[in-house]
Amino acid sequence: MTNIILSGCNGRMGQAITRLVEESDQCRIVCGLDINTKQLSHYPVYDQYDGCQAEADVIVDFSNPANTERLIAFAVQKKLPCVIATTGLSKDQIALLHKASDTIPVFYSANMSLGVNLLIELASRAAKLLEGSFDIEIIEKHHNQKLDAPSGTALAIADAISANLKTLPQYVYDRHSVRKKRESNEIGIHAIRGGSIVGEHSVLFAGNDEIIELKHTATSREVFAVGAVKAAIYLAGKPAGMYSMKDLVNEIA
């Protein structure tokens, strides 16, 4: 049984994880952390890390980037494996995760969906095969409450594609500001915000007389909860180091 501390437990994703764990015989939530301390489930909720003294195997964070430094300090102090599912982290915060991974296991992925990570793998392979003959564009769509743009997942897709190209591409986010033809080494990244869209990512490979499109659509936040819980179970007991959804997918495969 994997004992979980859930950071951001009273948010939408925190509650999705709570519902999922309640149906699992592999893990349980021993306490939660949230600025809203209302107890919505069986476990106690704290707004301060020093109040959380429960014995746990892993901490799962689905909160806010503003909380990252305190969370990592707590995880390092307690020697707790840490699953970071919060999106919109800065480069400095990601560097902090890597530093923490010297002493604890840290699982970080821009997107916790297994399907999205399969999309990333397929897009990487396609880019390697199609380089030089196809233009690459990434389109992401999310709900109107999402703060960061482009999404961390869109950037993760672009980075994975870039790592498989012989020529370093240029990321282009804003085409209207410069009137010129598209360069062959560009990857266009476009963000759409509206309504209650959970998450949609498309990778377009546009060649002469043919188009290849890879697409993933999340219709419920449950897909991210499933990935986060799988990551928590996977990470518990692992040695210090950085882990990602790719590691989890490879273990499942």
# chains A, B, ... in the order shown; residues from 1 in each chain; ligands from 1
>>> select_by_dssp(residues="segment 128-212 of chain A", states="helix (DSSP H, G or I)", output="VMD selection string")
chain A and resid 128 to 130 152 to 162 175 to 177
>>> write_last_selection(atoms="N, CA and C atoms", output="compact mmCIF listing (two decimals), in the first residue's frame")
# COMPACT_ATOMS: atom_id res chain seq x y z
N LYS A 128 11.64 12.82 -37.00
CA LYS A 128 12.92 12.26 -37.45
C LYS A 128 12.83 11.75 -38.88
N LEU A 129 11.70 11.13 -39.21
CA LEU A 129 11.50 10.57 -40.55
C LEU A 129 11.18 11.63 -41.60
N LEU A 130 10.50 12.69 -41.17
CA LEU A 130 9.97 13.67 -42.13
C LEU A 130 10.79 14.94 -42.23
N GLY A 152 2.58 23.83 -21.08
CA GLY A 152 3.82 23.09 -20.86
C GLY A 152 3.91 21.86 -21.73
N THR A 153 2.75 21.27 -22.02
CA THR A 153 2.73 20.08 -22.88
C THR A 153 3.13 20.42 -24.31
N ALA A 154 2.62 21.56 -24.82
CA ALA A 154 2.99 21.98 -26.17
C ALA A 154 4.50 22.19 -26.28
N LEU A 155 5.08 22.80 -25.25
CA LEU A 155 6.53 23.01 -25.24
C LEU A 155 7.27 21.69 -25.12
N ALA A 156 6.72 20.75 -24.33
CA ALA A 156 7.35 19.43 -24.20
C ALA A 156 7.33 18.70 -25.54
N ILE A 157 6.25 18.82 -26.28
CA ILE A 157 6.17 18.21 -27.61
C ILE A 157 7.23 18.83 -28.52
N ALA A 158 7.31 20.16 -28.51
CA ALA A 158 8.29 20.86 -29.35
C ALA A 158 9.72 20.46 -28.98
N ASP A 159 10.00 20.37 -27.68
CA ASP A 159 11.35 20.00 -27.24
C ASP A 159 11.70 18.56 -27.66
N ALA A 160 10.73 17.66 -27.55
CA ALA A 160 10.97 16.27 -27.94
C ALA A 160 11.22 16.16 -29.44
N ILE A 161 10.47 16.92 -30.22
CA ILE A 161 10.67 16.95 -31.67
C ILE A 161 12.05 17.53 -31.99
N SER A 162 12.37 18.64 -31.34
CA SER A 162 13.65 19.32 -31.56
C SER A 162 14.83 18.39 -31.30
N ARG A 175 2.94 34.95 -35.21
CA ARG A 175 3.23 35.21 -36.61
C ARG A 175 2.76 36.59 -37.08
N HIS A 176 1.80 37.20 -36.40
CA HIS A 176 1.25 38.44 -36.91
C HIS A 176 2.20 39.62 -36.72
N SER A 177 3.20 39.46 -35.86
CA SER A 177 4.09 40.59 -35.56
C SER A 177 5.13 40.83 -36.66
>>> select_by_dssp(residues="segment 78-213 of chain A", states="strand (DSSP E)", output="PyMOL selection string")
chain A and resi 82-84+105-108+135-142+170-172+186-193+199-207+210-213
>>> write_last_selection(atoms="N, CA, C and O atoms", output="short mmCIF file (atom, residue, chain, number, x, y, z; two decimals), in the first residue's frame")
data_model
loop_
_atom_site.label_atom_id
_atom_site.label_comp_id
_atom_site.auth_asym_id
_atom_site.auth_seq_id
_atom_site.Cartn_x
_atom_site.Cartn_y
_atom_site.Cartn_z
N CYS A 82 8.80 12.68 -4.66
CA CYS A 82 7.90 13.79 -4.99
C CYS A 82 7.45 13.70 -6.45
O CYS A 82 8.28 13.68 -7.36
N VAL A 83 6.13 13.65 -6.65
CA VAL A 83 5.54 13.68 -7.99
C VAL A 83 5.04 15.10 -8.24
O VAL A 83 4.11 15.56 -7.57
N ILE A 84 5.65 15.81 -9.19
CA ILE A 84 5.27 17.17 -9.50
C ILE A 84 4.37 17.16 -10.73
O ILE A 84 4.82 16.95 -11.85
N PRO A 105 13.99 11.02 -4.98
CA PRO A 105 13.42 10.77 -6.31
C PRO A 105 12.37 11.82 -6.64
O PRO A 105 11.49 12.10 -5.83
N VAL A 106 12.48 12.41 -7.83
CA VAL A 106 11.54 13.44 -8.28
C VAL A 106 10.97 13.01 -9.63
O VAL A 106 11.72 12.73 -10.57
N PHE A 107 9.65 12.97 -9.69
CA PHE A 107 8.95 12.63 -10.94
C PHE A 107 8.34 13.91 -11.48
O PHE A 107 7.51 14.53 -10.83
N TYR A 108 8.76 14.31 -12.68
CA TYR A 108 8.21 15.53 -13.27
C TYR A 108 7.86 15.29 -14.73
O TYR A 108 8.65 14.76 -15.50
N ASP A 135 6.68 20.83 -42.87
CA ASP A 135 6.63 21.89 -41.87
C ASP A 135 5.89 21.37 -40.64
O ASP A 135 4.93 20.60 -40.76
N ILE A 136 6.32 21.82 -39.46
CA ILE A 136 5.75 21.32 -38.20
C ILE A 136 5.05 22.46 -37.46
O ILE A 136 5.64 23.52 -37.21
N GLU A 137 3.80 22.23 -37.11
CA GLU A 137 3.02 23.19 -36.33
C GLU A 137 2.36 22.45 -35.16
O GLU A 137 1.88 21.32 -35.32
N ILE A 138 2.35 23.09 -34.00
CA ILE A 138 1.72 22.52 -32.80
C ILE A 138 0.59 23.45 -32.37
O ILE A 138 0.80 24.65 -32.21
N ILE A 139 -0.60 22.89 -32.19
CA ILE A 139 -1.76 23.67 -31.76
C ILE A 139 -2.28 23.08 -30.46
O ILE A 139 -2.53 21.87 -30.37
N GLU A 140 -2.42 23.91 -29.44
CA GLU A 140 -2.98 23.44 -28.17
C GLU A 140 -4.20 24.26 -27.79
O GLU A 140 -4.25 25.47 -28.03
N LYS A 141 -5.19 23.58 -27.20
CA LYS A 141 -6.44 24.24 -26.79
C LYS A 141 -6.73 23.89 -25.33
O LYS A 141 -6.62 22.73 -24.94
N HIS A 142 -7.08 24.91 -24.54
CA HIS A 142 -7.42 24.71 -23.14
C HIS A 142 -8.55 25.64 -22.71
O HIS A 142 -8.90 26.58 -23.44
N GLN A 170 13.58 26.77 -34.77
CA GLN A 170 13.21 28.01 -34.09
C GLN A 170 11.73 27.94 -33.72
O GLN A 170 10.88 27.64 -34.56
N TYR A 171 11.42 28.19 -32.46
CA TYR A 171 10.03 28.20 -32.02
C TYR A 171 9.42 29.57 -32.35
O TYR A 171 9.98 30.60 -31.99
N VAL A 172 8.27 29.55 -33.01
CA VAL A 172 7.59 30.78 -33.39
C VAL A 172 6.21 30.79 -32.76
O VAL A 172 5.40 29.90 -32.99
N GLU A 186 11.29 26.33 -38.75
CA GLU A 186 10.40 26.80 -37.70
C GLU A 186 9.51 25.68 -37.16
O GLU A 186 9.13 24.76 -37.90
N ILE A 187 9.17 25.78 -35.89
CA ILE A 187 8.06 25.03 -35.31
C ILE A 187 7.08 26.06 -34.77
O ILE A 187 7.40 26.80 -33.84
N GLY A 188 5.93 26.16 -35.40
CA GLY A 188 4.92 27.09 -34.93
C GLY A 188 4.17 26.50 -33.74
O GLY A 188 3.79 25.33 -33.75
N ILE A 189 3.98 27.31 -32.70
CA ILE A 189 3.28 26.86 -31.49
C ILE A 189 2.15 27.83 -31.21
O ILE A 189 2.38 29.03 -31.01
N HIS A 190 0.93 27.33 -31.19
CA HIS A 190 -0.25 28.18 -31.11
C HIS A 190 -1.15 27.78 -29.94
O HIS A 190 -1.39 26.60 -29.71
N ALA A 191 -1.63 28.76 -29.20
CA ALA A 191 -2.47 28.52 -28.03
C ALA A 191 -3.88 29.08 -28.24
O ALA A 191 -4.04 30.20 -28.70
N ILE A 192 -4.86 28.26 -27.91
CA ILE A 192 -6.27 28.65 -27.98
C ILE A 192 -6.87 28.50 -26.59
O ILE A 192 -6.64 27.48 -25.92
N ARG A 193 -7.61 29.50 -26.12
CA ARG A 193 -8.24 29.45 -24.81
C ARG A 193 -9.74 29.71 -24.95
O ARG A 193 -10.14 30.72 -25.55
N GLY A 199 -8.28 19.82 -22.50
CA GLY A 199 -6.95 19.84 -23.09
C GLY A 199 -6.93 19.13 -24.43
O GLY A 199 -7.42 18.01 -24.55
N GLU A 200 -6.39 19.80 -25.44
CA GLU A 200 -6.28 19.19 -26.76
C GLU A 200 -4.95 19.62 -27.37
O GLU A 200 -4.60 20.80 -27.35
N HIS A 201 -4.21 18.66 -27.88
CA HIS A 201 -2.92 18.95 -28.50
C HIS A 201 -2.85 18.27 -29.87
O HIS A 201 -3.13 17.07 -29.98
N SER A 202 -2.49 19.04 -30.88
CA SER A 202 -2.33 18.52 -32.23
C SER A 202 -0.94 18.86 -32.75
O SER A 202 -0.44 19.96 -32.52
N VAL A 203 -0.35 17.90 -33.45
CA VAL A 203 0.93 18.13 -34.11
C VAL A 203 0.69 17.93 -35.60
O VAL A 203 0.28 16.85 -36.04
N LEU A 204 0.93 18.99 -36.35
CA LEU A 204 0.65 18.98 -37.79
C LEU A 204 1.96 18.92 -38.56
O LEU A 204 2.84 19.75 -38.37
N PHE A 205 2.09 17.93 -39.42
CA PHE A 205 3.21 17.81 -40.34
C PHE A 205 2.67 18.10 -41.73
O PHE A 205 1.92 17.29 -42.29
N ALA A 206 3.00 19.28 -42.28
CA ALA A 206 2.45 19.70 -43.57
C ALA A 206 3.52 19.62 -44.65
O ALA A 206 4.51 20.36 -44.62
N GLY A 207 3.31 18.72 -45.60
CA GLY A 207 4.24 18.55 -46.71
C GLY A 207 3.61 18.99 -48.01
O GLY A 207 2.52 19.58 -48.02
N GLU A 210 0.37 16.66 -49.02
CA GLU A 210 -0.09 15.72 -47.99
C GLU A 210 0.11 16.32 -46.60
O GLU A 210 1.02 17.10 -46.37
N ILE A 211 -0.77 15.94 -45.70
CA ILE A 211 -0.73 16.42 -44.31
C ILE A 211 -0.88 15.23 -43.38
O ILE A 211 -1.74 14.37 -43.57
N ILE A 212 -0.02 15.19 -42.38
CA ILE A 212 -0.12 14.18 -41.33
C ILE A 212 -0.43 14.91 -40.03
O ILE A 212 0.25 15.89 -39.69
N GLU A 213 -1.45 14.46 -39.31
CA GLU A 213 -1.81 15.11 -38.06
C GLU A 213 -1.92 14.08 -36.94
O GLU A 213 -2.61 13.07 -37.08
#
>>> residues_around(residues="Leu40 of chain A", least_positions_apart="3", cutoff="9 Å", atoms="only C-alpha atoms", output="PyMOL selection string")
chain A and resi 9-10+15+37+43-45
>>> write_last_selection(atoms="N, CA, C and O atoms", output="JSON list (two decimals), in the first residue's frame")
[["chain", "number", "residue", "atom", "x", "y", "z"],
["A", 9, "CYS", "N", -4.95, 19.38, -2.54],
["A", 9, "CYS", "CA", -5.99, 18.34, -2.46],
["A", 9, "CYS", "C", -7.40, 18.85, -2.70],
["A", 9, "CYS", "O", -8.27, 18.09, -3.13],
["A", 10, "ASN", "N", -7.66, 20.12, -2.44],
["A", 10, "ASN", "CA", -9.02, 20.64, -2.58],
["A", 10, "ASN", "C", -9.28, 21.33, -3.91],
["A", 10, "ASN", "O", -10.36, 21.87, -4.15],
["A", 15, "GLN", "N", -9.18, 16.80, -6.15],
["A", 15, "GLN", "CA", -10.40, 16.04, -5.89],
["A", 15, "GLN", "C", -10.55, 14.88, -6.87],
["A", 15, "GLN", "O", -11.08, 13.82, -6.51],
["A", 37, "THR", "N", -8.56, 24.68, 3.90],
["A", 37, "THR", "CA", -8.40, 23.53, 4.79],
["A", 37, "THR", "C", -9.71, 22.78, 5.06],
["A", 37, "THR", "O", -9.76, 21.92, 5.93],
["A", 43, "TYR", "N", -9.46, 12.23, 4.86],
["A", 43, "TYR", "CA", -8.13, 12.58, 5.38],
["A", 43, "TYR", "C", -8.09, 14.04, 5.87],
["A", 43, "TYR", "O", -8.82, 14.90, 5.37],
["A", 44, "PRO", "N", -7.21, 14.34, 6.83],
["A", 44, "PRO", "CA", -7.09, 15.72, 7.34],
["A", 44, "PRO", "C", -6.38, 16.61, 6.31],
["A", 44, "PRO", "O", -5.60, 16.13, 5.49],
["A", 45, "VAL", "N", -6.67, 17.91, 6.38],
["A", 45, "VAL", "CA", -6.09, 18.87, 5.45],
["A", 45, "VAL", "C", -5.40, 19.98, 6.24],
["A", 45, "VAL", "O", -5.96, 20.53, 7.18]]
>>> atom_distance(atom1="atom CA of His42 of chain A", atom2="atom CA of Ser109 of chain A")
28.3 Å
>>> closest_residue(among="A:Leu168, A:Met112, A:Ala66, A:Val229", to="Arg28 of chain A", atoms="only C-alpha atoms")
A:Val229
>>> residues_around(residues="Val198 of chain A", least_positions_apart="6", cutoff="12 Å", atoms="only C-alpha atoms", output="MDAnalysis selection string")
chainID A and resid 12:13 113 140:146 151 192 216:224
>>> write_last_selection(atoms="C-alpha atoms", output="PDB file, in the first residue's frame")
ATOM      1  CA  ARG A  12     -10.177  20.254  -9.152  1.00  0.00           C
ATOM      2  CA  MET A  13      -7.291  17.888  -9.866  1.00  0.00           C
ATOM      3  CA  SER A 113      -1.641  11.649 -19.367  1.00  0.00           C
ATOM      4  CA  GLU A 140      -2.983  23.437 -28.167  1.00  0.00           C
ATOM      5  CA  LYS A 141      -6.440  24.236 -26.786  1.00  0.00           C
ATOM      6  CA  HIS A 142      -7.423  24.707 -23.136  1.00  0.00           C
ATOM      7  CA  HIS A 143     -10.170  26.193 -20.975  1.00  0.00           C
ATOM      8  CA  ASN A 144     -10.458  29.924 -20.434  1.00  0.00           C
ATOM      9  CA  GLN A 145      -9.131  29.729 -16.853  1.00  0.00           C
ATOM     10  CA  LYS A 146      -5.666  28.413 -17.784  1.00  0.00           C
ATOM     11  CA  SER A 151       0.948  24.974 -22.420  1.00  0.00           C
ATOM     12  CA  ILE A 192      -6.267  28.654 -27.977  1.00  0.00           C
ATOM     13  CA  HIS A 216      -4.769  13.884 -28.406  1.00  0.00           C
ATOM     14  CA  THR A 217      -7.964  15.103 -26.770  1.00  0.00           C
ATOM     15  CA  ALA A 218      -8.646  14.867 -23.042  1.00  0.00           C
ATOM     16  CA  THR A 219     -12.372  14.892 -22.292  1.00  0.00           C
ATOM     17  CA  SER A 220     -11.956  14.637 -18.525  1.00  0.00           C
ATOM     18  CA  ARG A 221      -9.350  15.561 -15.918  1.00  0.00           C
ATOM     19  CA  GLU A 222      -9.503  11.942 -14.802  1.00  0.00           C
ATOM     20  CA  VAL A 223      -6.816  11.050 -17.379  1.00  0.00           C
ATOM     21  CA  PHE A 224      -4.319  13.286 -15.548  1.00  0.00           C
TER      22      PHE A 224
END
>>> closest_residue(among="A:Ile94, A:Val60, A:Ala236, A:Cys52", to="Thr18 of chain A", atoms="only C-alpha atoms")
A:Val60
>>> residues_around(residues="Val76 of chain A", least_positions_apart="6", cutoff="12 Å", atoms="only C-alpha atoms", output="number ranges by chain")
A: 58-59, 69-70, 82, 96-97, 99-106, 240
>>> residues_around(residues="Glu55 of chain A", least_positions_apart="6", cutoff="10 Å", atoms="only C-alpha atoms", output="number ranges by chain")
A: 3-5, 30-31, 78, 80
>>> write_last_selection(atoms="N, CA, C and O atoms", output="PDB file, in the first residue's frame")
ATOM      1  N   ASN A   3       1.333   5.102   0.614  1.00  0.00           N
ATOM      2  CA  ASN A   3       0.727   6.197   1.367  1.00  0.00           C
ATOM      3  C   ASN A   3       1.103   7.535   0.735  1.00  0.00           C
ATOM      4  O   ASN A   3       2.287   7.832   0.545  1.00  0.00           O
ATOM      5  N   ILE A   4       0.088   8.335   0.411  1.00  0.00           N
ATOM      6  CA  ILE A   4       0.286   9.568  -0.350  1.00  0.00           C
ATOM      7  C   ILE A   4      -0.092  10.802   0.466  1.00  0.00           C
ATOM      8  O   ILE A   4      -1.140  10.830   1.121  1.00  0.00           O
ATOM      9  N   ILE A   5       0.771  11.825   0.427  1.00  0.00           N
ATOM     10  CA  ILE A   5       0.395  13.171   0.853  1.00  0.00           C
ATOM     11  C   ILE A   5       0.018  13.926  -0.412  1.00  0.00           C
ATOM     12  O   ILE A   5       0.798  13.963  -1.376  1.00  0.00           O
ATOM     13  N   VAL A  30      -3.041   9.900   3.009  1.00  0.00           N
ATOM     14  CA  VAL A  30      -2.969   9.981   4.468  1.00  0.00           C
ATOM     15  C   VAL A  30      -3.225  11.395   4.979  1.00  0.00           C
ATOM     16  O   VAL A  30      -3.654  11.584   6.122  1.00  0.00           O
ATOM     17  N   CYS A  31      -2.952  12.403   4.150  1.00  0.00           N
ATOM     18  CA  CYS A  31      -3.299  13.776   4.508  1.00  0.00           C
ATOM     19  C   CYS A  31      -3.176  14.653   3.278  1.00  0.00           C
ATOM     20  O   CYS A  31      -2.569  14.271   2.271  1.00  0.00           O
ATOM     21  N   LYS A  78      11.979  15.816   4.522  1.00  0.00           N
ATOM     22  CA  LYS A  78      11.366  14.559   4.947  1.00  0.00           C
ATOM     23  C   LYS A  78      11.871  13.354   4.163  1.00  0.00           C
ATOM     24  O   LYS A  78      11.458  12.223   4.440  1.00  0.00           O
ATOM     25  N   LEU A  80      11.152  12.590   1.139  1.00  0.00           N
ATOM     26  CA  LEU A  80       9.968  12.037   0.496  1.00  0.00           C
ATOM     27  C   LEU A  80      10.079  12.084  -1.029  1.00  0.00           C
ATOM     28  O   LEU A  80      10.369  13.150  -1.601  1.00  0.00           O
TER      29      LEU A  80
END
>>> residues_around(residues="Tyr46 of chain A", least_positions_apart="5", cutoff="9 Å", atoms="only C-alpha atoms", output="ChimeraX atom specification")
/A:31-38,51-52
>>> write_last_selection(atoms="N, CA and C atoms", output="PDB file, in the first residue's frame")
ATOM      1  N   CYS A  31      -2.952  12.403   4.150  1.00  0.00           N
ATOM      2  CA  CYS A  31      -3.299  13.776   4.508  1.00  0.00           C
ATOM      3  C   CYS A  31      -3.176  14.653   3.278  1.00  0.00           C
ATOM      4  N   GLY A  32      -3.777  15.837   3.356  1.00  0.00           N
ATOM      5  CA  GLY A  32      -3.732  16.768   2.251  1.00  0.00           C
ATOM      6  C   GLY A  32      -3.156  18.101   2.667  1.00  0.00           C
ATOM      7  N   LEU A  33      -2.691  18.864   1.669  1.00  0.00           N
ATOM      8  CA  LEU A  33      -2.178  20.220   1.876  1.00  0.00           C
ATOM      9  C   LEU A  33      -2.922  21.154   0.935  1.00  0.00           C
ATOM     10  N   ASP A  34      -3.439  22.260   1.468  1.00  0.00           N
ATOM     11  CA  ASP A  34      -4.170  23.199   0.638  1.00  0.00           C
ATOM     12  C   ASP A  34      -4.387  24.491   1.427  1.00  0.00           C
ATOM     13  N   ILE A  35      -4.459  25.612   0.695  1.00  0.00           N
ATOM     14  CA  ILE A  35      -4.762  26.870   1.390  1.00  0.00           C
ATOM     15  C   ILE A  35      -6.200  26.863   1.908  1.00  0.00           C
ATOM     16  N   ASN A  36      -7.050  26.060   1.278  1.00  0.00           N
ATOM     17  CA  ASN A  36      -8.412  25.836   1.764  1.00  0.00           C
ATOM     18  C   ASN A  36      -8.399  24.562   2.601  1.00  0.00           C
ATOM     19  N   THR A  37      -8.558  24.685   3.900  1.00  0.00           N
ATOM     20  CA  THR A  37      -8.404  23.533   4.794  1.00  0.00           C
ATOM     21  C   THR A  37      -9.708  22.782   5.056  1.00  0.00           C
ATOM     22  N   LYS A  38     -10.733  23.075   4.300  1.00  0.00           N
ATOM     23  CA  LYS A  38     -11.991  22.350   4.479  1.00  0.00           C
ATOM     24  C   LYS A  38     -11.775  20.870   4.180  1.00  0.00           C
ATOM     25  N   GLY A  51       2.527  21.172   9.756  1.00  0.00           N
ATOM     26  CA  GLY A  51       1.386  20.507  10.384  1.00  0.00           C
ATOM     27  C   GLY A  51       1.153  19.110   9.885  1.00  0.00           C
ATOM     28  N   CYS A  52       1.789  18.776   8.772  1.00  0.00           N
ATOM     29  CA  CYS A  52       1.594  17.464   8.154  1.00  0.00           C
ATOM     30  C   CYS A  52       2.681  16.505   8.624  1.00  0.00           C
TER      31      CYS A  52
END
